[in-house]
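Visitor: File model-v6.pdb below, PDB, C-alpha atoms, pLDDT in the B column:
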ATOM      1  CA  LEU O   1      -6.261 -23.494 -14.365  1.00 90.00           C
ATOM      2  CA  SER O   2      -5.800 -25.067 -17.773  1.00 93.00           C
ATOM      3  CA  PRO O   3      -6.338 -28.590 -19.091  1.00 95.00           C
ATOM      4  CA  GLN O   4      -2.608 -29.250 -18.642  1.00 97.00           C
ATOM      5  CA  GLY O   5      -1.985 -27.724 -15.205  1.00 96.00           C
ATOM      6  CA  CYS O   6      -2.579 -24.918 -12.756  1.00 94.00           C
ATOM      7  CA  CYS O   7      -1.002 -22.247 -10.603  1.00 94.00           C
ATOM      8  CA  PHE O   8      -1.815 -21.945  -6.909  1.00 93.00           C
ATOM      9  CA  SER O   9      -0.590 -20.671  -3.558  1.00 94.00           C
ATOM     10  CA  SER O  10       0.582 -23.302  -1.098  1.00 90.00           C
ATOM     11  CA  PRO O  11       0.746 -23.065   2.694  1.00 92.00           C
ATOM     12  CA  ILE O  12       4.081 -24.921   2.514  1.00 92.00           C
ATOM     13  CA  ARG O  13       7.145 -24.401   0.367  1.00 92.00           C
ATOM     14  CA  LEU O  14       7.278 -26.726  -2.600  1.00 95.00           C
ATOM     15  CA  GLU O  15      10.275 -27.661  -4.711  1.00 96.00           C
ATOM     16  CA  ARG O  16      10.450 -27.994  -8.471  1.00 97.00           C
ATOM     17  CA  GLY O  17       9.991 -31.687  -9.303  1.00 97.00           C
ATOM     18  CA  ASP O  18       7.831 -32.465  -6.245  1.00 97.00           C
ATOM     19  CA  THR O  19       4.849 -34.697  -6.990  1.00 97.00           C
ATOM     20  CA  ILE O  20       1.533 -33.613  -5.554  1.00 94.00           C
ATOM     21  CA  SER O  21      -2.148 -34.500  -5.547  1.00 94.00           C
ATOM     22  CA  LEU O  22      -4.782 -31.781  -5.850  1.00 89.00           C
ATOM     23  CA  ARG O  23      -8.435 -32.100  -4.952  1.00 88.00           C
ATOM     24  CA  LEU O  24     -11.036 -30.088  -6.812  1.00 81.00           C
ATOM     25  CA  PRO O  25     -14.723 -30.191  -5.894  1.00 76.00           C
ATOM     26  CA  HIS O  26     -16.577 -33.219  -7.320  1.00 78.00           C
ATOM     27  CA  LEU O  27     -13.420 -34.814  -8.792  1.00 82.00           C
ATOM     28  CA  GLU O  28     -10.987 -37.509  -7.801  1.00 88.00           C
ATOM     29  CA  ALA O  29      -7.467 -36.416  -6.867  1.00 92.00           C
ATOM     30  CA  ILE O  30      -5.449 -34.966  -9.734  1.00 92.00           C
ATOM     31  CA  HIS O  31      -1.767 -35.887  -9.717  1.00 97.00           C
ATOM     32  CA  GLY O  32       1.005 -33.744 -11.102  1.00 97.00           C
ATOM     33  CA  GLU O  33       4.543 -32.451 -10.843  1.00 98.00           C
ATOM     34  CA  VAL O  34       5.650 -29.013  -9.691  1.00 97.00           C
ATOM     35  CA  ALA O  35       7.066 -27.283 -12.777  1.00 97.00           C
ATOM     36  CA  TRP O  36       8.058 -23.969 -11.171  1.00 97.00           C
ATOM     37  CA  VAL O  37       8.076 -22.263  -7.778  1.00 97.00           C
ATOM     38  CA  GLN O  38       8.083 -18.589  -6.835  1.00 96.00           C
ATOM     39  CA  GLY O  39       7.904 -18.167  -3.062  1.00 93.00           C
ATOM     40  CA  PHE O  40       4.721 -19.895  -1.937  1.00 93.00           C
ATOM     41  CA  ARG O  41       3.221 -19.957  -5.465  1.00 96.00           C
ATOM     42  CA  ALA O  42       3.714 -22.972  -7.685  1.00 96.00           C
ATOM     43  CA  GLY O  43       2.831 -24.169 -11.155  1.00 97.00           C
ATOM     44  CA  VAL O  44       1.841 -27.807 -11.548  1.00 97.00           C
ATOM     45  CA  ARG O  45       1.783 -29.875 -14.724  1.00 97.00           C
ATOM     46  CA  PHE O  46      -0.875 -32.585 -14.486  1.00 97.00           C
ATOM     47  CA  ASP O  47       0.159 -36.187 -15.193  1.00 97.00           C
ATOM     48  CA  GLN O  48      -2.988 -36.565 -17.324  1.00 95.00           C
ATOM     49  CA  PRO O  49      -4.483 -33.439 -18.920  1.00 94.00           C
ATOM     50  CA  PHE O  50      -8.226 -32.906 -18.536  1.00 91.00           C
ATOM     51  CA  HIS O  51     -10.426 -34.067 -21.381  1.00 91.00           C
ATOM     52  CA  PRO O  52     -11.880 -30.867 -22.934  1.00 94.00           C
ATOM     53  CA  ALA O  53     -15.459 -31.709 -21.867  1.00 92.00           C
ATOM     54  CA  VAL O  54     -14.375 -32.414 -18.279  1.00 89.00           C
ATOM     55  CA  PHE O  55     -12.330 -29.213 -18.186  1.00 90.00           C
ATOM     56  CA  ASP O  56     -15.306 -27.152 -19.398  1.00 92.00           C
ATOM     57  CA  SER O  57     -17.467 -28.715 -16.689  1.00 88.00           C
ATOM     58  CA  VAL O  58     -14.890 -27.948 -13.979  1.00 86.00           C
ATOM     59  CA  VAL O  59     -14.584 -24.323 -15.114  1.00 87.00           C
ATOM     60  CA  ARG O  60     -18.370 -23.886 -15.060  1.00 88.00           C
ATOM     61  CA  ARG O  61     -18.567 -25.293 -11.506  1.00 84.00           C
ATOM     62  CA  LEU O  62     -15.683 -23.185 -10.204  1.00 80.00           C
ATOM     63  CA  GLY O  63     -17.151 -19.977 -11.622  1.00 77.00           C
ATOM     64  CA  PRO O  64     -15.323 -16.872 -12.832  1.00 67.00           C
TER      65      PRO O  64
END
How would this structure read if it were set down as structure tokens?
Guide:
Amino acid sequence: LSPQGCCFSSPIRLERGDTISLRLPHLEAIHGEVAWVQGFRAGVRFDQPFHPAVFDSVVRRLGP
């Protein structure tokens, strides 16, 4: 997870260029575009990067 995007495993195959919405605890849906795919792992670039203070808060809540 970074302010600009994230990497995750998906239960379905995604394609580069797909648009998706992610839900993180205590936040509204985050929209982004699949930048790369490797099997069932994908990297997503968020449409709107996190503000640094919001990102720090999310990281603290998610833990190490």
Visitor: Using only C-alpha atoms, which residue out of O:Val54, O:Pro49, O:Ile12, O:Ser2 lies closest to Leu27 of chain O?
Guide: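 Smallest distance to Leu27 of chain O is found for O:Val54.
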Visitor: Which residue, O:Leu62, O:Ala53, O:Ile20, O:Leu14, has the smallest gap to Trp36 of chain O when you use only C-alpha atoms?
Guide: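 Checking each of O:Leu62, O:Ala53, O:Ile20, O:Leu14 against Trp36 of chain O, counting only C-alpha atoms, the winner is O:Leu14.
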Visitor: Which residue, O:Ser10, O:Arg16, O:Ser57, O:Gln4, has the smallest gap to Ile30 of chain O when you use all atoms listed in the file?
Guide: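 Ranked by minimum distance to Ile30 of chain O, first place goes to O:Gln4.
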Visitor: Show me, as lines of an AutoDock Vina configuration file, the centre and edge lengths in Å to one decimal of the axis-aligned box that covers every listed atom of segment 33-46 of chain O with 8 Å on each side.
Guide:
center_x = 3.6
center_y = -25.4
center_z = -8.3
size_x = 25.0
size_y = 30.4
size_z = 28.8
Visitor: Set the distance at 6 Å and use all atoms listed in the file: which residues neighbour segment 41-48 of chain O once local chain neighbours fewer than 5 positions away are removed? I'd like the list as a list in words.
Guide: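 Using all atoms listed in the file, the neighbours found are Gln4, Gly5, Cys6, Cys7, Phe8, Ser9, His31, Gly32, Glu33, Val34, Ala35 and Trp36 of chain O.
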Visitor: One decimal, in Å: what's the spacing between atom CA of Pro3 of chain O and atom CA of Phe50 of chain O?
Guide: 4.7 Å
Visitor: Please export segment 34-61 of chain O as a JSON list (two decimals), in the first residue's frame, restricted to N, CA and C atoms.
Guide:
[["chain", "number", "residue", "atom", "x", "y", "z"],
["O", 34, "VAL", "N", -6.20, -0.88, -12.86],
["O", 34, "VAL", "CA", -5.22, -1.94, -12.77],
["O", 34, "VAL", "C", -4.04, -1.58, -13.68],
["O", 35, "ALA", "N", -2.86, -1.45, -13.08],
["O", 35, "ALA", "CA", -1.66, -1.05, -13.81],
["O", 35, "ALA", "C", -0.86, -2.26, -14.29],
["O", 36, "TRP", "N", -0.91, -3.36, -13.54],
["O", 36, "TRP", "CA", -0.20, -4.58, -13.94],
["O", 36, "TRP", "C", -0.89, -5.79, -13.33],
["O", 37, "VAL", "N", -0.69, -6.93, -13.96],
["O", 37, "VAL", "CA", -1.27, -8.19, -13.48],
["O", 37, "VAL", "C", -0.22, -9.28, -13.60],
["O", 38, "GLN", "N", -0.15, -10.13, -12.57],
["O", 38, "GLN", "CA", 0.73, -11.29, -12.59],
["O", 38, "GLN", "C", -0.06, -12.42, -11.94],
["O", 39, "GLY", "N", -0.69, -13.25, -12.76],
["O", 39, "GLY", "CA", -1.55, -14.31, -12.23],
["O", 39, "GLY", "C", -2.77, -13.70, -11.56],
["O", 40, "PHE", "N", -2.95, -14.00, -10.27],
["O", 40, "PHE", "CA", -4.07, -13.44, -9.53],
["O", 40, "PHE", "C", -3.65, -12.24, -8.67],
["O", 41, "ARG", "N", -2.42, -11.76, -8.86],
["O", 41, "ARG", "CA", -1.96, -10.54, -8.16],
["O", 41, "ARG", "C", -2.08, -9.37, -9.13],
["O", 42, "ALA", "N", -2.40, -8.21, -8.57],
["O", 42, "ALA", "CA", -2.55, -7.02, -9.41],
["O", 42, "ALA", "C", -2.05, -5.79, -8.68],
["O", 43, "GLY", "N", -1.58, -4.84, -9.44],
["O", 43, "GLY", "CA", -1.20, -3.53, -8.92],
["O", 43, "GLY", "C", -2.19, -2.51, -9.41],
["O", 44, "VAL", "N", -2.69, -1.69, -8.50],
["O", 44, "VAL", "CA", -3.70, -0.69, -8.83],
["O", 44, "VAL", "C", -3.16, 0.70, -8.56],
["O", 45, "ARG", "N", -3.39, 1.60, -9.50],
["O", 45, "ARG", "CA", -3.05, 3.01, -9.34],
["O", 45, "ARG", "C", -4.35, 3.73, -9.00],
["O", 46, "PHE", "N", -4.38, 4.38, -7.83],
["O", 46, "PHE", "CA", -5.58, 5.08, -7.40],
["O", 46, "PHE", "C", -5.85, 6.30, -8.28],
["O", 47, "ASP", "N", -7.14, 6.57, -8.52],
["O", 47, "ASP", "CA", -7.52, 7.77, -9.28],
["O", 47, "ASP", "C", -7.10, 9.03, -8.54],
["O", 48, "GLN", "N", -7.24, 9.02, -7.21],
["O", 48, "GLN", "CA", -6.86, 10.14, -6.36],
["O", 48, "GLN", "C", -5.93, 9.62, -5.26],
["O", 49, "PRO", "N", -4.66, 10.01, -5.26],
["O", 49, "PRO", "CA", -3.77, 9.54, -4.20],
["O", 49, "PRO", "C", -4.27, 9.98, -2.82],
["O", 50, "PHE", "N", -3.92, 9.20, -1.80],
["O", 50, "PHE", "CA", -4.25, 9.57, -0.43],
["O", 50, "PHE", "C", -3.53, 10.86, -0.04],
["O", 51, "HIS", "N", -4.18, 11.69, 0.72],
["O", 51, "HIS", "CA", -3.51, 12.81, 1.37],
["O", 51, "HIS", "C", -2.56, 12.18, 2.38],
["O", 52, "PRO", "N", -1.35, 12.74, 2.59],
["O", 52, "PRO", "CA", -0.39, 12.12, 3.51],
["O", 52, "PRO", "C", -0.95, 11.84, 4.90],
["O", 53, "ALA", "N", -1.74, 12.75, 5.46],
["O", 53, "ALA", "CA", -2.30, 12.52, 6.81],
["O", 53, "ALA", "C", -3.30, 11.36, 6.81],
["O", 54, "VAL", "N", -4.10, 11.26, 5.76],
["O", 54, "VAL", "CA", -5.06, 10.15, 5.67],
["O", 54, "VAL", "C", -4.31, 8.84, 5.49],
["O", 55, "PHE", "N", -3.28, 8.84, 4.65],
["O", 55, "PHE", "CA", -2.49, 7.63, 4.44],
["O", 55, "PHE", "C", -1.87, 7.16, 5.75],
["O", 56, "ASP", "N", -1.27, 8.07, 6.51],
["O", 56, "ASP", "CA", -0.67, 7.70, 7.80],
["O", 56, "ASP", "C", -1.71, 7.09, 8.73],
["O", 57, "SER", "N", -2.90, 7.64, 8.74],
["O", 57, "SER", "CA", -3.97, 7.11, 9.58],
["O", 57, "SER", "C", -4.37, 5.70, 9.15],
["O", 58, "VAL", "N", -4.49, 5.48, 7.85],
["O", 58, "VAL", "CA", -4.85, 4.16, 7.33],
["O", 58, "VAL", "C", -3.78, 3.14, 7.71],
["O", 59, "VAL", "N", -2.52, 3.49, 7.54],
["O", 59, "VAL", "CA", -1.42, 2.57, 7.87],
["O", 59, "VAL", "C", -1.45, 2.22, 9.35],
["O", 60, "ARG", "N", -1.68, 3.20, 10.21],
["O", 60, "ARG", "CA", -1.76, 2.92, 11.65],
["O", 60, "ARG", "C", -2.90, 1.96, 11.97],
["O", 61, "ARG", "N", -4.05, 2.13, 11.31],
["O", 61, "ARG", "CA", -5.20, 1.26, 11.58],
["O", 61, "ARG", "C", -5.01, -0.16, 11.05]]
